[in-house]
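Comments concern the structure below.
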Amino acid sequence: MKEPQHEALAAAIRAGGAITVLTGAGVSAASGVPTFRGQDGLWRSFPAEQLATAEAFDQDPALVWEWYAWRRALVAAAQPNAAHRVLADWSCRPDADVRIVTQNVDDLHVRAGTVRLVRLHGSLWELACRNRCATAPPTWPDLRVPLPVMPPRCPHCGGLARPAVVWFGESLPADALADAIDATRCRLFLAVGTSALVHPAAGLIGMAREHGAFTVEINPETTAASGGVDLALTGRAEVVLPQLDELAFGLPSD
Ligand code: BJW
């Protein structure tokens, strides 16, 4: 990758200053985690929009939990890929001001060692009481695969537990959204592996541009964001990010 635009982007990454990277499901594709809206994204022919809602859960908690149990097993067996590792390295550079804002709930950024990570849509590895009972904490970790009881129960009130993720129609965690909006005040904003269809996350790209950031998309496909960014790089995250890393810092990250 020696095109002038890649060299220029690598130079901008090397130059430092505030850099924010918004990630989506495409970043985990090379780890074997299906995207939501890709050809492999359907689970038993259900689009995510039909399962990732409180209404779907209340109608058929066993079905929705089956989807999450399948995804938890798949992610537990997966490993962070080269894209996660490069972003983790950037976030750890002592001279860097790099924040990663992710829509992903798989926690592969966490497992890659990312610091300054904002998780907009929660985590597959945390549960919450569906009834929001007074005695349960807002969320609690549960890494067990498989879960011993399906659907899992709230240990405090005995009612149903739910995955602590953000479903359609639900508000994002206020602190995470505030951190993400704050991160749009940056010099360089990269949107990697997201279809940019789901709001408010998708709106962060335009917000960053309004704040004067140079905005870049990295995606093998054209997306809802492609026309509105300063530079759209066509390619897979696990290929393009290591290339940029090598151009910027000289050493392959693997
Ligand atoms: C690769 C690759 C490789 C493949 N390398 N790339 C404004 C306008 C319109 C609607 C709304 C709006 N504001 C709010 C809404 C409503 C709604 C919404 O956005 N709807 C749209 C679908 C129209 N948003 C909400 O309800 C949000 N809540 C909210 O705003 O509350 C206030 C409110 C409520 C009601 C009305 C108004 C305001 C909550 C959104 C929660 C999203 N939750 C999910 C599920 C999380 C839990 C779970 O995982 O089960 O989050 S949905 C799903 O989509 C998941 C993802 O994080 C999210 C984004 O998907 P992502 O990451 O972009 O994945 P894909 O599959 O779409 O794309 C993958 C991309 O990767 C593709 O482009 C590939 O090409 C690419 N790719 N291989 C790089 N190797």
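The chains in the structure tokens are called A, B, ... from first to last as shown; in each chain the residues are counted from 1, and the ligands are counted from 1 in the order shown.
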Segment 53-59 of chain A surroundings by only C-alpha atoms, 10 Å radius, close-in-sequence under 5 positions cut, as an MDAnalysis selection string: chainID A and resid 48 64:65 130 160 162 166:170
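Note that DSSP on the backbone gives strand (DSSP E or B) to these residues of segment 139-193 of chain A: Trp140, Pro141, Arg153, Leu160, Ala161, Arg162, Pro163, Ala164, Val165, Phe168, Leu188, Phe189, Leu190, Ala191 and Val192 of chain A.
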Those residues with N, CA, C and O atoms, as an mmCIF file, in the first residue's frame please?
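So out05.cif came out as:
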data_model
loop_
_atom_site.group_PDB
_atom_site.id
_atom_site.type_symbol
_atom_site.label_atom_id
_atom_site.label_comp_id
_atom_site.auth_asym_id
_atom_site.auth_seq_id
_atom_site.Cartn_x
_atom_site.Cartn_y
_atom_site.Cartn_z
ATOM 1 N N TRP A 140 -24.109 -7.053 35.861
ATOM 2 C CA TRP A 140 -23.091 -7.864 36.527
ATOM 3 C C TRP A 140 -22.421 -8.754 35.488
ATOM 4 O O TRP A 140 -23.052 -9.135 34.491
ATOM 5 N N PRO A 141 -21.111 -9.078 35.705
ATOM 6 C CA PRO A 141 -20.407 -9.904 34.726
ATOM 7 C C PRO A 141 -20.836 -11.364 34.832
ATOM 8 O O PRO A 141 -21.133 -11.846 35.928
ATOM 9 N N ARG A 153 -31.570 -16.305 35.152
ATOM 10 C CA ARG A 153 -32.424 -15.548 36.077
ATOM 11 C C ARG A 153 -31.593 -14.504 36.812
ATOM 12 O O ARG A 153 -30.387 -14.648 36.976
ATOM 13 N N LEU A 160 -36.400 -12.738 35.175
ATOM 14 C CA LEU A 160 -35.518 -12.992 34.029
ATOM 15 C C LEU A 160 -34.339 -12.031 34.028
ATOM 16 O O LEU A 160 -34.493 -10.842 34.344
ATOM 17 N N ALA A 161 -33.170 -12.557 33.685
ATOM 18 C CA ALA A 161 -32.022 -11.702 33.386
ATOM 19 C C ALA A 161 -31.994 -11.472 31.875
ATOM 20 O O ALA A 161 -32.527 -12.278 31.113
ATOM 21 N N ARG A 162 -31.369 -10.384 31.478
ATOM 22 C CA ARG A 162 -31.223 -10.062 30.051
ATOM 23 C C ARG A 162 -29.751 -9.755 29.774
ATOM 24 O O ARG A 162 -29.005 -9.436 30.704
ATOM 25 N N PRO A 163 -29.348 -9.826 28.508
ATOM 26 C CA PRO A 163 -27.988 -9.378 28.198
ATOM 27 C C PRO A 163 -27.914 -7.864 28.400
ATOM 28 O O PRO A 163 -28.863 -7.147 28.049
ATOM 29 N N ALA A 164 -26.799 -7.386 28.972
ATOM 30 C CA ALA A 164 -26.660 -5.943 29.237
ATOM 31 C C ALA A 164 -26.119 -5.250 27.990
ATOM 32 O O ALA A 164 -25.006 -4.730 27.956
ATOM 33 N N VAL A 165 -26.949 -5.296 26.948
ATOM 34 C CA VAL A 165 -26.618 -4.656 25.672
ATOM 35 C C VAL A 165 -27.721 -3.651 25.371
ATOM 36 O O VAL A 165 -28.780 -3.678 26.005
ATOM 37 N N PHE A 168 -32.593 -1.836 20.170
ATOM 38 C CA PHE A 168 -33.263 -0.746 19.437
ATOM 39 C C PHE A 168 -34.338 -0.123 20.317
ATOM 40 O O PHE A 168 -35.066 -0.837 21.019
ATOM 41 N N LEU A 188 -8.321 13.656 13.877
ATOM 42 C CA LEU A 188 -8.511 12.594 12.881
ATOM 43 C C LEU A 188 -9.560 11.629 13.418
ATOM 44 O O LEU A 188 -9.472 11.199 14.573
ATOM 45 N N PHE A 189 -10.561 11.300 12.600
ATOM 46 C CA PHE A 189 -11.635 10.393 13.034
ATOM 47 C C PHE A 189 -11.743 9.271 12.011
ATOM 48 O O PHE A 189 -11.999 9.521 10.827
ATOM 49 N N LEU A 190 -11.538 8.041 12.457
ATOM 50 C CA LEU A 190 -11.637 6.888 11.556
ATOM 51 C C LEU A 190 -12.900 6.096 11.889
ATOM 52 O O LEU A 190 -13.141 5.780 13.059
ATOM 53 N N ALA A 191 -13.698 5.777 10.885
ATOM 54 C CA ALA A 191 -14.861 4.886 11.062
ATOM 55 C C ALA A 191 -14.503 3.565 10.386
ATOM 56 O O ALA A 191 -14.318 3.519 9.165
ATOM 57 N N VAL A 192 -14.386 2.514 11.187
ATOM 58 C CA VAL A 192 -13.853 1.248 10.660
ATOM 59 C C VAL A 192 -14.873 0.126 10.840
ATOM 60 O O VAL A 192 -15.320 -0.139 11.970
#
Pick the closest to Arg93 of chain A from A:Val216, A:Val149, A:Ile19, A:Cys186: which is it, counting only C-alpha atoms? A:Ile19
Determine, counting only C-alpha atoms, which protein, DNA and RNA residues have an atom within 8 Å of an atom of Ala232 of chain A; residues of the same chain fewer than 5 positions away are not included. Present the result as a count of residues only. 5
Using the chain letters and numbers from this document, which residues of segment 41-219 of chain A does DSSP assign to alpha helix (DSSP H), as a ChimeraX atom specification? /A:48-51,54-59,61-76,82-92,108-111,174-183,203-210
Hey, which residues sit close to ligand 1? Say within 6 Å, counting only C-alpha atoms and all ligand atoms, and write them as a ChimeraX atom specification. /A:24-27,29-30,35-38,52,103-105,121,165-171,192-200,219-221,223,236-237
